>>> print(open('my_file_30.txt').read())   # compact mmCIF, C-alpha atoms
# COMPACT_ATOMS: atom_id res chain seq x y z
CA MET A 90 -6.23 28.95 -20.35
CA MET A 91 -7.26 27.74 -23.75
CA ILE A 92 -4.78 25.71 -25.80
CA LEU A 93 -4.26 26.26 -29.49
CA ARG A 94 -2.72 23.33 -31.35
CA SER A 95 -1.05 24.91 -34.34
CA SER A 96 2.26 25.34 -36.11
CA PRO A 97 4.01 28.62 -36.98
CA PRO A 98 3.87 28.22 -40.79
CA SER A 99 0.16 27.27 -40.82
CA PRO A 100 -1.89 30.04 -42.44
CA PHE A 101 -5.03 28.67 -40.83
CA GLY A 102 -3.36 28.79 -37.41
CA ARG A 103 -2.17 32.31 -38.15
CA LYS A 104 -5.75 33.38 -38.93
CA VAL A 105 -6.82 32.14 -35.51
CA GLU A 106 -3.97 33.87 -33.66
CA ILE A 107 -4.70 37.17 -35.39
CA ALA A 108 -8.43 36.82 -34.68
CA ALA A 109 -7.68 36.12 -31.01
CA SER A 110 -5.54 39.26 -30.84
CA ILE A 111 -8.22 41.43 -32.41
CA VAL A 112 -10.85 40.35 -29.86
CA GLY A 113 -8.40 40.57 -26.96
CA LEU A 114 -8.26 36.84 -26.21
CA ARG A 115 -4.65 36.16 -27.21
CA GLY A 116 -3.48 36.34 -23.59
CA GLU A 117 -5.85 33.53 -22.61
CA ILE A 118 -4.44 31.12 -25.19
CA GLU A 119 -1.32 28.99 -24.93
CA VAL A 120 -0.07 27.90 -28.36
CA VAL A 121 1.26 24.32 -28.33
CA THR A 122 2.93 23.31 -31.59
CA ALA A 123 1.42 20.27 -33.29
CA ASP A 124 2.83 18.03 -35.99
CA PRO A 125 0.05 16.80 -38.30
CA ILE A 126 2.35 14.17 -39.84
CA ASP A 127 3.32 12.57 -36.51
CA PRO A 128 0.84 9.79 -35.65
CA ASN A 129 1.81 10.02 -31.98
CA ASP A 130 0.93 13.69 -31.63
CA PRO A 131 -2.28 13.96 -29.56
CA LEU A 132 -3.60 16.15 -32.38
CA ARG A 133 -5.41 13.19 -33.96
CA ARG A 134 -7.36 12.63 -30.77
CA GLN A 135 -8.18 16.33 -30.54
CA ASN A 136 -9.25 16.53 -34.19
CA PRO A 137 -9.83 13.18 -35.92
CA LEU A 138 -8.86 14.84 -39.21
CA GLY A 139 -5.37 15.42 -37.82
CA LYS A 140 -5.51 19.01 -39.02
CA ILE A 141 -4.42 22.23 -37.37
CA PRO A 142 -5.55 24.51 -35.85
CA VAL A 143 -7.62 23.05 -33.02
CA LEU A 144 -8.66 25.15 -30.04
CA ILE A 145 -9.05 23.31 -26.74
CA LEU A 146 -11.39 25.25 -24.48
CA GLU A 147 -11.11 25.51 -20.70
CA ASP A 148 -13.66 22.65 -20.37
CA GLU A 149 -11.61 20.54 -22.85
CA THR A 150 -14.07 20.92 -25.71
CA ALA A 151 -12.10 20.70 -28.96
CA VAL A 152 -13.16 23.28 -31.52
CA PHE A 153 -12.16 23.20 -35.20
CA ASP A 154 -11.67 24.20 -38.03
CA SER A 155 -10.27 27.75 -38.18
CA ARG A 156 -13.57 29.20 -39.39
CA VAL A 157 -15.42 27.68 -36.45
CA ILE A 158 -12.76 28.89 -34.01
CA ILE A 159 -13.08 32.42 -35.39
CA GLU A 160 -16.86 32.26 -35.02
CA TYR A 161 -16.32 31.09 -31.44
CA PHE A 162 -14.09 34.10 -30.72
CA ASP A 163 -16.76 36.32 -32.25
CA MET A 164 -19.46 34.81 -30.01
CA ARG A 165 -17.20 35.09 -26.98
CA ALA A 166 -16.59 38.76 -27.80
CA GLY A 167 -20.34 39.37 -27.86
CA GLY A 168 -20.85 38.97 -31.59
CA ASN A 169 -20.61 41.35 -34.56
CA VAL A 170 -16.86 41.81 -34.13
CA LEU A 171 -15.12 39.34 -36.44
CA ILE A 172 -18.28 38.37 -38.34
CA PRO A 173 -20.96 41.00 -38.95
CA SER A 174 -24.42 40.25 -37.54
CA GLU A 175 -26.35 42.04 -40.26
CA PRO A 176 -27.35 39.29 -42.73
CA HIS A 177 -26.11 40.86 -45.98
CA ALA A 178 -22.74 41.88 -44.52
CA ARG A 179 -22.47 38.53 -42.76
CA LEU A 180 -22.96 36.63 -46.01
CA GLU A 181 -20.35 38.76 -47.73
CA THR A 182 -17.79 38.21 -44.97
CA LEU A 183 -18.46 34.47 -44.79
CA THR A 184 -18.19 34.01 -48.57
CA ALA A 185 -14.97 36.04 -48.71
CA SER A 186 -13.60 33.93 -45.84
CA ALA A 187 -14.51 30.76 -47.75
CA LEU A 188 -12.73 32.15 -50.81
CA ALA A 189 -9.61 32.84 -48.75
CA ASP A 190 -9.70 29.33 -47.28
CA GLY A 191 -10.17 27.82 -50.72
CA ILE A 192 -7.14 29.71 -52.05
CA LEU A 193 -5.11 28.42 -49.09
CA ASP A 194 -6.28 24.84 -49.70
CA ALA A 195 -5.22 25.08 -53.35
CA ALA A 196 -1.85 26.61 -52.40
CA ILE A 197 -1.20 23.95 -49.76
CA LEU A 198 -2.05 21.12 -52.16
CA GLN A 199 0.76 22.38 -54.39
CA ILE A 200 3.18 22.22 -51.45
CA TYR A 201 1.99 18.73 -50.49
CA GLU A 202 2.73 17.63 -54.05
CA GLN A 203 6.41 18.20 -53.27
CA ARG A 204 6.27 16.74 -49.77
CA PHE A 205 4.43 13.53 -50.57
CA ARG A 206 5.79 12.67 -54.01
CA ALA A 207 9.09 12.09 -55.74
CA PRO A 208 9.65 14.45 -58.70
CA GLU A 209 8.65 11.77 -61.25
CA GLY A 210 5.33 11.23 -59.45
CA ARG A 211 4.23 14.85 -59.59
CA SER A 212 1.32 15.82 -61.82
CA GLN A 213 1.63 19.05 -63.78
CA LYS A 214 -2.09 18.81 -64.53
CA TRP A 215 -2.94 18.73 -60.82
CA LEU A 216 -0.47 21.51 -59.97
CA SER A 217 -1.89 23.73 -62.72
CA TYR A 218 -5.46 22.99 -61.65
CA GLN A 219 -4.65 24.19 -58.13
CA ALA A 220 -2.48 27.14 -59.25
CA GLU A 221 -5.35 28.40 -61.41
CA LYS A 222 -7.66 28.41 -58.38
CA VAL A 223 -5.12 30.56 -56.54
CA ALA A 224 -4.76 32.92 -59.52
CA ARG A 225 -8.52 33.35 -60.02
CA GLY A 226 -9.09 33.81 -56.31
CA LEU A 227 -6.42 36.50 -56.05
CA ALA A 228 -7.83 38.28 -59.10
CA ALA A 229 -11.27 38.30 -57.44
CA PHE A 230 -9.83 39.77 -54.24
CA ALA A 231 -7.87 42.35 -56.24
CA ALA A 232 -11.10 43.38 -57.98
CA GLY A 233 -12.96 43.69 -54.68
CA PRO A 234 -10.84 43.48 -51.54
CA PRO A 235 -12.48 43.49 -48.11
CA THR A 236 -13.11 47.03 -46.89
CA GLY A 237 -14.32 48.60 -43.67
CA ARG A 238 -13.76 47.21 -40.21
CA ARG A 239 -11.12 44.46 -39.95
CA ASP A 240 -13.09 41.21 -39.80
CA ALA A 241 -12.74 37.53 -40.69
CA ALA A 242 -12.53 38.29 -44.43
CA HIS A 243 -9.63 40.69 -43.92
CA ILE A 244 -7.85 38.18 -41.72
CA GLY A 245 -8.38 35.48 -44.34
CA LEU A 246 -6.98 37.53 -47.21
CA ALA A 247 -4.01 38.74 -45.15
CA CYS A 248 -3.11 35.14 -44.28
CA VAL A 249 -3.47 34.09 -47.92
CA LEU A 250 -1.00 36.79 -48.99
CA GLY A 251 1.33 35.98 -46.10
CA TYR A 252 1.33 32.30 -47.06
CA LEU A 253 2.08 33.11 -50.69
CA ASP A 254 5.00 35.22 -49.46
CA LEU A 255 6.26 32.32 -47.32
CA ARG A 256 5.88 29.45 -49.78
CA PHE A 257 5.62 31.01 -53.25
CA ALA A 258 8.24 33.75 -52.93
CA GLY A 259 5.63 36.52 -53.05
CA ALA A 260 5.15 36.16 -56.82
CA TRP A 261 1.64 37.66 -56.37
CA ARG A 262 3.17 41.07 -55.60
CA ALA A 263 4.15 41.91 -59.16
CA GLU A 264 0.72 41.01 -60.48
CA HIS A 265 -1.44 42.67 -57.84
CA PRO A 266 0.10 45.94 -56.59
CA SER A 267 -3.30 46.96 -55.17
CA LEU A 268 -3.18 43.94 -52.87
CA VAL A 269 0.36 44.90 -51.78
CA ALA A 270 -1.04 48.24 -50.63
CA TRP A 271 -4.01 46.49 -49.05
CA LEU A 272 -1.73 44.16 -47.06
CA ASP A 273 0.55 47.02 -45.96
CA SER A 274 -2.49 48.82 -44.60
CA PHE A 275 -3.75 45.68 -42.83
CA ALA A 276 -0.33 45.03 -41.29
CA ALA A 277 -0.09 48.62 -40.07
CA GLU A 278 -3.46 48.39 -38.34
CA VAL A 279 -3.19 44.85 -37.00
CA PRO A 280 0.16 44.32 -35.25
CA ALA A 281 -0.60 40.60 -34.77
CA PHE A 282 0.06 40.11 -38.48
CA GLU A 283 3.79 40.79 -38.12
CA VAL A 284 3.97 39.10 -34.74
CA THR A 285 2.73 35.85 -36.31
CA ARG A 286 4.99 35.92 -39.37
CA ALA A 287 6.71 32.54 -39.73
CA GLN A 288 10.35 32.15 -40.65
CA LYS A 289 11.01 30.35 -43.90
CA ARG A 290 12.48 26.91 -43.32
CA MET B 180 -35.70 31.89 -58.25
CA MET B 181 -32.30 31.11 -56.82
CA ILE B 182 -29.89 29.03 -58.91
CA LEU B 183 -27.76 26.28 -57.42
CA ARG B 184 -24.69 25.34 -59.45
CA SER B 185 -23.99 21.78 -58.45
CA SER B 186 -23.65 18.23 -59.78
CA PRO B 187 -25.61 15.16 -58.72
CA PRO B 188 -22.65 13.19 -57.28
CA SER B 189 -21.34 16.14 -55.24
CA PRO B 190 -21.77 15.47 -51.53
CA PHE B 191 -21.40 19.18 -50.81
CA GLY B 192 -24.17 19.96 -53.30
CA ARG B 193 -26.31 17.23 -51.77
CA LYS B 194 -25.88 18.84 -48.33
CA VAL B 195 -27.22 22.09 -49.71
CA GLU B 196 -30.20 20.48 -51.45
CA ILE B 197 -31.17 18.60 -48.30
CA ALA B 198 -30.78 21.75 -46.20
CA ALA B 199 -32.99 23.68 -48.64
CA SER B 200 -35.66 20.98 -48.36
CA ILE B 201 -35.59 21.03 -44.57
CA VAL B 202 -36.17 24.78 -44.42
CA GLY B 203 -38.79 24.69 -47.19
CA LEU B 204 -36.73 26.58 -49.78
CA ARG B 205 -36.18 23.76 -52.27
CA GLY B 206 -39.05 25.00 -54.50
CA GLU B 207 -37.36 28.39 -54.88
CA ILE B 208 -34.14 26.91 -56.22
CA GLU B 209 -33.36 25.77 -59.75
CA VAL B 210 -30.43 23.35 -59.86
CA VAL B 211 -28.19 23.91 -62.89
CA THR B 212 -25.51 21.26 -63.31
CA ALA B 213 -21.93 22.59 -63.32
CA ASP B 214 -18.73 20.96 -64.51
CA PRO B 215 -15.78 22.04 -62.34
CA ILE B 216 -13.30 20.62 -64.85
CA ASP B 217 -14.66 22.57 -67.84
CA PRO B 218 -12.90 25.96 -68.08
CA ASN B 219 -15.80 27.34 -70.15
CA ASP B 220 -18.44 26.62 -67.53
CA PRO B 221 -19.52 29.97 -65.99
CA LEU B 222 -18.84 28.34 -62.62
CA ARG B 223 -15.37 29.89 -62.44
CA ARG B 224 -16.87 33.35 -62.74
CA GLN B 225 -19.47 32.52 -60.08
CA ASN B 226 -16.87 31.04 -57.72
CA PRO B 227 -13.22 31.81 -58.55
CA LEU B 228 -12.27 28.52 -56.90
CA GLY B 229 -14.26 26.66 -59.56
CA LYS B 230 -15.87 24.57 -56.87
CA ILE B 231 -19.44 23.45 -56.43
CA PRO B 232 -21.90 24.18 -54.93
CA VAL B 233 -22.50 27.88 -55.51
CA LEU B 234 -25.86 29.48 -54.77
CA ILE B 235 -26.81 32.45 -56.96
CA LEU B 236 -29.35 34.60 -55.11
CA GLU B 237 -32.20 36.50 -56.73
CA ASP B 238 -30.01 39.66 -56.76
CA GLU B 239 -27.16 37.66 -58.40
CA THR B 240 -25.00 37.54 -55.28
CA ALA B 241 -22.92 34.36 -55.45
CA VAL B 242 -22.76 32.51 -52.12
CA PHE B 243 -20.31 29.69 -51.35
CA ASP B 244 -19.11 27.29 -49.95
CA SER B 245 -21.71 24.75 -48.77
CA ARG B 246 -21.31 25.74 -45.13
CA VAL B 247 -21.98 29.38 -45.94
CA ILE B 248 -24.99 28.46 -48.09
CA ILE B 249 -26.42 26.41 -45.24
CA GLU B 250 -25.91 29.32 -42.84
CA TYR B 251 -27.70 31.53 -45.38
CA PHE B 252 -30.67 29.15 -45.47
CA ASP B 253 -30.69 29.17 -41.68
CA MET B 254 -30.74 32.99 -41.61
CA ARG B 255 -33.45 33.09 -44.27
CA ALA B 256 -35.52 30.65 -42.20
CA GLY B 257 -35.27 32.99 -39.22
CA GLY B 258 -32.30 31.31 -37.53
CA ASN B 259 -31.91 28.42 -35.10
CA VAL B 260 -33.19 25.87 -37.62
CA LEU B 261 -30.14 24.32 -39.33
CA ILE B 262 -27.60 25.81 -36.89
CA PRO B 263 -28.55 26.23 -33.24
CA SER B 264 -28.42 29.77 -31.85
CA GLU B 265 -27.44 28.78 -28.32
CA PRO B 266 -23.64 29.16 -28.22
CA HIS B 267 -22.67 25.74 -26.83
CA ALA B 268 -24.98 23.84 -29.19
CA ARG B 269 -23.91 26.07 -32.07
CA LEU B 270 -20.26 25.30 -31.48
CA GLU B 271 -20.99 21.58 -31.34
CA THR B 272 -22.96 21.65 -34.61
CA LEU B 273 -20.36 23.78 -36.39
CA THR B 274 -17.46 21.57 -35.28
CA ALA B 275 -19.33 18.40 -36.30
CA SER B 276 -20.10 20.01 -39.66
CA ALA B 277 -16.41 20.84 -40.10
CA LEU B 278 -15.55 17.24 -39.26
CA ALA B 279 -17.99 15.98 -41.89
CA ASP B 280 -16.57 18.36 -44.50
CA GLY B 281 -13.04 17.29 -43.63
CA ILE B 282 -13.95 13.63 -44.10
CA LEU B 283 -15.46 14.49 -47.48
CA ASP B 284 -12.35 16.44 -48.51
CA ALA B 285 -10.16 13.45 -47.60
CA ALA B 286 -12.46 11.03 -49.45
CA ILE B 287 -12.57 13.22 -52.55
CA LEU B 288 -8.77 13.59 -52.63
CA GLN B 289 -8.60 9.80 -52.93
CA ILE B 290 -10.96 9.90 -55.92
CA TYR B 291 -9.00 12.74 -57.53
CA GLU B 292 -5.87 10.59 -57.23
CA GLN B 293 -7.45 8.25 -59.79
CA ARG B 294 -8.86 11.00 -61.99
CA PHE B 295 -5.74 13.15 -62.26
CA ARG B 296 -2.98 10.55 -62.30
CA ALA B 297 -1.95 7.46 -64.21
CA PRO B 298 -1.62 4.36 -61.98
CA GLU B 299 2.18 4.65 -61.82
CA GLY B 300 1.90 8.25 -60.57
CA ARG B 301 -0.34 7.45 -57.61
CA SER B 302 1.05 7.77 -54.10
CA GLN B 303 0.12 5.06 -51.62
CA LYS B 304 1.46 7.30 -48.85
CA TRP B 305 -0.93 10.09 -49.84
CA LEU B 306 -3.88 7.74 -50.28
CA SER B 307 -3.26 6.19 -46.85
CA TYR B 308 -2.87 9.61 -45.24
CA GLN B 309 -6.29 10.61 -46.55
CA ALA B 310 -7.93 7.23 -45.87
CA GLU B 311 -6.82 7.44 -42.24
CA LYS B 312 -8.53 10.81 -41.88
CA VAL B 313 -11.75 9.24 -43.15
CA ALA B 314 -11.39 6.26 -40.80
CA ARG B 315 -10.70 8.40 -37.72
CA GLY B 316 -13.51 10.78 -38.59
CA LEU B 317 -16.01 7.96 -38.96
CA ALA B 318 -14.88 6.42 -35.68
CA ALA B 319 -15.46 9.77 -33.96
CA PHE B 320 -18.95 10.04 -35.42
CA ALA B 321 -19.70 6.42 -34.45
CA ALA B 322 -18.64 7.22 -30.87
CA GLY B 323 -20.84 10.33 -30.74
CA PRO B 324 -23.24 10.78 -33.66
CA PRO B 325 -25.36 13.92 -33.92
CA THR B 326 -28.58 13.60 -31.91
CA GLY B 327 -31.71 15.70 -31.48
CA ARG B 328 -33.26 17.88 -34.12
CA ARG B 329 -31.96 17.36 -37.67
CA ASP B 330 -29.45 20.15 -38.26
CA ALA B 331 -26.34 20.92 -40.29
CA ALA B 332 -24.30 18.29 -38.45
CA HIS B 333 -26.83 15.56 -39.27
CA ILE B 334 -26.92 16.67 -42.90
CA GLY B 335 -23.12 16.61 -43.03
CA LEU B 336 -22.79 13.10 -41.61
CA ALA B 337 -25.59 11.75 -43.83
CA CYS B 338 -23.84 13.13 -46.93
CA VAL B 339 -20.51 11.67 -45.78
CA LEU B 340 -22.05 8.21 -45.49
CA GLY B 341 -23.91 8.61 -48.77
CA TYR B 342 -20.70 9.59 -50.53
CA LEU B 343 -18.84 6.60 -49.09
CA ASP B 344 -21.68 4.41 -50.40
CA LEU B 345 -21.38 6.00 -53.84
CA ARG B 346 -17.60 6.00 -54.26
CA PHE B 347 -16.22 3.50 -51.74
CA ALA B 348 -18.82 0.73 -52.07
CA GLY B 349 -20.19 1.32 -48.59
CA ALA B 350 -17.23 -0.40 -46.91
CA TRP B 351 -17.99 1.66 -43.77
CA ARG B 352 -21.17 -0.33 -43.15
CA ALA B 353 -19.44 -3.48 -41.88
CA GLU B 354 -17.29 -1.49 -39.47
CA HIS B 355 -19.91 0.89 -38.09
CA PRO B 356 -23.32 -0.81 -37.75
CA SER B 357 -24.43 1.95 -35.37
CA LEU B 358 -23.96 4.48 -38.18
CA VAL B 359 -26.00 2.26 -40.53
CA ALA B 360 -28.89 2.51 -38.08
CA TRP B 361 -28.26 6.24 -37.69
CA LEU B 362 -28.41 6.78 -41.45
CA ASP B 363 -31.56 4.66 -41.83
CA SER B 364 -33.23 6.82 -39.21
CA PHE B 365 -32.07 10.04 -40.90
CA ALA B 366 -33.28 8.85 -44.32
CA ALA B 367 -36.67 7.88 -42.87
CA GLU B 368 -37.14 11.34 -41.37
CA VAL B 369 -35.64 13.42 -44.18
CA PRO B 370 -37.09 12.34 -47.56
CA ALA B 371 -34.71 14.69 -49.41
CA PHE B 372 -31.89 12.27 -48.61
CA GLU B 373 -33.24 9.58 -50.95
CA VAL B 374 -34.47 12.16 -53.47
CA THR B 375 -30.90 13.44 -53.87
CA ARG B 376 -29.20 10.04 -54.11
CA ALA B 377 -26.88 10.04 -57.16
CA GLN B 378 -26.61 7.10 -59.53
CA LYS B 379 -23.19 5.50 -59.72
CA ARG B 380 -21.49 6.24 -63.03
>>> encode(input="my_file_30.txt", output="structure tokens")
Amino acid sequence: MMILRSSPPSPFGRKVEIAASIVGLRGEIEVVTADPIDPNDPLRRQNPLGKIPVLILEDETAVFDSRVIIEYFDMRAGGNVLIPSEPHARLETLTASALADGILDAAILQIYEQRFRAPEGRSQKWLSYQAEKVARGLAAFAAGPPTGRRDAAHIGLACVLGYLDLRFAGAWRAEHPSLVAWLDSFAAEVPAFEVTRAQKR
Amino acid sequence: MMILRSSPPSPFGRKVEIAASIVGLRGEIEVVTADPIDPNDPLRRQNPLGKIPVLILEDETAVFDSRVIIEYFDMRAGGNVLIPSEPHARLETLTASALADGILDAAILQIYEQRFRAPEGRSQKWLSYQAEKVARGLAAFAAGPPTGRRDAAHIGLACVLGYLDLRFAGAWRAEHPSLVAWLDSFAAEVPAFEVTRAQKR
């Protein structure tokens, strides 16, 4: 068995679980919840950055971050499944995946602002700077969402939208009805999306 | 010509410039300085995240982030140059590259704390949380630095150390003499490292 250190609300962990399902590897992975804030969690030995997800292979190799884990699943599945092999398509999928990850980073930094700081220490300038990245990124995806076979770019966008539902009350839905339809279609085709939905805490 | 939107102090932009030099593409790239803070810089149309670096290809395709650009250079060079093709070696290089990028992200968040916040709004808890990621990441690299042919992992670590020299007064040097020797060796073999050294402002 492989071990996935993750946490249910993590959008990056969710990406990995969905990717594993698509390539048929989910049954070979035990998910062990990790707490990135707890210094005693072995996570920091598995990934010095203390970030989730980390995939521990059968030979104990630790693989991170989520993009690398997804590329590993793709290699293990023989390639050209989650990431296209053809150079032009590959570049498009990788750039769209980077855009999705960047939106998630900017969304998470807004959440950390609440977790790490008292209200009087929060910076509206910083929060706006990050919120604008999310808004521009969503607008770009709305203008040109991933199409064709479900790959890493689709997984990335689906987990962005799922995270905005979880932590930002789905405010994106009113602005981008085309992405609502896109996500409904993704969820209908990829059952792992609903299976990995986290409960709001 | 390709266009690289970057900025001299950016460690992610430096990675890309060094990678371009190693594969012999540096002469086909014009570097055009970008200002991520300026809303009128076309950067935000080239990358909705407003982050550097972005590579604009001859056909105007915008490629980001730095890891994707480096993979593009590797593909354009025929593969197996900056990122090994053999699966085990590839996984090792990709994970080490992710570790380097994660150290950079944690270092940059400490710098942003000064740029975006007045002294009374800074969080020691947040700064320590990020500083510990940098410290653990460096310790991991000191315990097992990239060896063999100069690839994306080497470039990543070199740009981490260069950024810590630029912004953190090289405090890592006293703690990790083995990495000082490693960086000297990298710089001796890869002239682009010194060529891309930013001046402290």
>>> residues_near_point(input="my_file_30.txt", point="(-5.5, 26.3, -52.7)", cutoff="10 Å", atoms="only C-alpha atoms", output="list in words")
Leu188, Ala189, Asp190, Gly191, Ile192, Leu193, Asp194, Ala195, Ala196, Ile197, Leu198, Gln199, Ile200, Tyr218, Gln219, Ala220, Glu221, Lys222, Val223, Ala224, Gly226 and Val249 of chain A; Leu228 of chain B
>>> atom_distance(input="my_file_30.txt", atom1="atom CA of B:Ile262", atom2="atom CA of B:Ala322")
21.5 Å
>>> closest_residue(input="my_file_30.txt", among="B:Arg193, B:Arg301, B:Arg205, B:Arg184", to="chain A", atoms="all atoms listed in the file")
B:Arg301
>>> residues_near_point(input="my_file_30.txt", point="(-15.8, 7.6, -34.0)", cutoff="12 Å", atoms="all atoms listed in the file", output="short mmCIF file (atom, residue, chain, number, x, y, z; two decimals) with C-alpha atoms, keeping the file's coordinate frame")
data_model
loop_
_atom_site.label_atom_id
_atom_site.label_comp_id
_atom_site.auth_asym_id
_atom_site.auth_seq_id
_atom_site.Cartn_x
_atom_site.Cartn_y
_atom_site.Cartn_z
CA ARG A 133 -5.41 13.19 -33.96
CA ARG A 134 -7.36 12.63 -30.77
CA ASN A 136 -9.25 16.53 -34.19
CA PRO A 137 -9.83 13.18 -35.92
CA LEU A 138 -8.86 14.84 -39.21
CA ALA B 275 -19.33 18.40 -36.30
CA LEU B 278 -15.55 17.24 -39.26
CA ALA B 279 -17.99 15.98 -41.89
CA ILE B 282 -13.95 13.63 -44.10
CA LYS B 312 -8.53 10.81 -41.88
CA VAL B 313 -11.75 9.24 -43.15
CA ALA B 314 -11.39 6.26 -40.80
CA ARG B 315 -10.70 8.40 -37.72
CA GLY B 316 -13.51 10.78 -38.59
CA LEU B 317 -16.01 7.96 -38.96
CA ALA B 318 -14.88 6.42 -35.68
CA ALA B 319 -15.46 9.77 -33.96
CA PHE B 320 -18.95 10.04 -35.42
CA ALA B 321 -19.70 6.42 -34.45
CA ALA B 322 -18.64 7.22 -30.87
CA GLY B 323 -20.84 10.33 -30.74
CA PRO B 324 -23.24 10.78 -33.66
CA PRO B 325 -25.36 13.92 -33.92
CA LEU B 336 -22.79 13.10 -41.61
CA TRP B 351 -17.99 1.66 -43.77
CA GLU B 354 -17.29 -1.49 -39.47
CA HIS B 355 -19.91 0.89 -38.09
CA PRO B 356 -23.32 -0.81 -37.75
CA SER B 357 -24.43 1.95 -35.37
CA LEU B 358 -23.96 4.48 -38.18
#
>>> atom_distance(input="my_file_30.txt", atom1="atom CA of A:Ala207", atom2="atom CA of B:Ser302")
9.3 Å
>>> build_atoms(input="my_file_30.txt", residues="stretch 307-321 of chain B", atoms="N, CA and C atoms", output="PDB file, in the coordinates of the input")
ATOM      1  N   SER B 307      -3.095   6.674 -48.229  1.00  0.00           N
ATOM      2  CA  SER B 307      -3.260   6.190 -46.850  1.00  0.00           C
ATOM      3  C   SER B 307      -3.491   7.350 -45.892  1.00  0.00           C
ATOM      4  N   TYR B 308      -2.749   8.425 -46.110  1.00  0.00           N
ATOM      5  CA  TYR B 308      -2.870   9.610 -45.240  1.00  0.00           C
ATOM      6  C   TYR B 308      -4.307  10.121 -45.266  1.00  0.00           C
ATOM      7  N   GLN B 309      -4.903  10.140 -46.431  1.00  0.00           N
ATOM      8  CA  GLN B 309      -6.290  10.610 -46.550  1.00  0.00           C
ATOM      9  C   GLN B 309      -7.267   9.559 -46.012  1.00  0.00           C
ATOM     10  N   ALA B 310      -7.020   8.299 -46.323  1.00  0.00           N
ATOM     11  CA  ALA B 310      -7.930   7.230 -45.870  1.00  0.00           C
ATOM     12  C   ALA B 310      -7.979   7.175 -44.345  1.00  0.00           C
ATOM     13  N   GLU B 311      -6.851   7.454 -43.714  1.00  0.00           N
ATOM     14  CA  GLU B 311      -6.820   7.440 -42.240  1.00  0.00           C
ATOM     15  C   GLU B 311      -7.645   8.582 -41.652  1.00  0.00           C
ATOM     16  N   LYS B 312      -7.679   9.710 -42.353  1.00  0.00           N
ATOM     17  CA  LYS B 312      -8.530  10.810 -41.880  1.00  0.00           C
ATOM     18  C   LYS B 312     -10.002  10.378 -41.936  1.00  0.00           C
ATOM     19  N   VAL B 313     -10.373   9.714 -43.018  1.00  0.00           N
ATOM     20  CA  VAL B 313     -11.750   9.240 -43.150  1.00  0.00           C
ATOM     21  C   VAL B 313     -12.062   8.237 -42.025  1.00  0.00           C
ATOM     22  N   ALA B 314     -11.152   7.305 -41.802  1.00  0.00           N
ATOM     23  CA  ALA B 314     -11.390   6.260 -40.800  1.00  0.00           C
ATOM     24  C   ALA B 314     -11.515   6.864 -39.395  1.00  0.00           C
ATOM     25  N   ARG B 315     -10.620   7.785 -39.053  1.00  0.00           N
ATOM     26  CA  ARG B 315     -10.700   8.400 -37.720  1.00  0.00           C
ATOM     27  C   ARG B 315     -11.952   9.259 -37.575  1.00  0.00           C
ATOM     28  N   GLY B 316     -12.302   9.950 -38.632  1.00  0.00           N
ATOM     29  CA  GLY B 316     -13.510  10.780 -38.590  1.00  0.00           C
ATOM     30  C   GLY B 316     -14.757   9.944 -38.388  1.00  0.00           C
ATOM     31  N   LEU B 317     -14.849   8.837 -39.118  1.00  0.00           N
ATOM     32  CA  LEU B 317     -16.010   7.960 -38.960  1.00  0.00           C
ATOM     33  C   LEU B 317     -16.075   7.376 -37.556  1.00  0.00           C
ATOM     34  N   ALA B 318     -14.913   6.981 -37.035  1.00  0.00           N
ATOM     35  CA  ALA B 318     -14.880   6.420 -35.680  1.00  0.00           C
ATOM     36  C   ALA B 318     -15.381   7.452 -34.670  1.00  0.00           C
ATOM     37  N   ALA B 319     -14.999   8.704 -34.865  1.00  0.00           N
ATOM     38  CA  ALA B 319     -15.460   9.770 -33.960  1.00  0.00           C
ATOM     39  C   ALA B 319     -16.970   9.943 -34.057  1.00  0.00           C
ATOM     40  N   PHE B 320     -17.504   9.920 -35.265  1.00  0.00           N
ATOM     41  CA  PHE B 320     -18.950  10.040 -35.420  1.00  0.00           C
ATOM     42  C   PHE B 320     -19.667   8.814 -34.837  1.00  0.00           C
ATOM     43  N   ALA B 321     -19.070   7.632 -35.009  1.00  0.00           N
ATOM     44  CA  ALA B 321     -19.700   6.420 -34.450  1.00  0.00           C
ATOM     45  C   ALA B 321     -19.743   6.501 -32.926  1.00  0.00           C
TER      46      ALA B 321
END
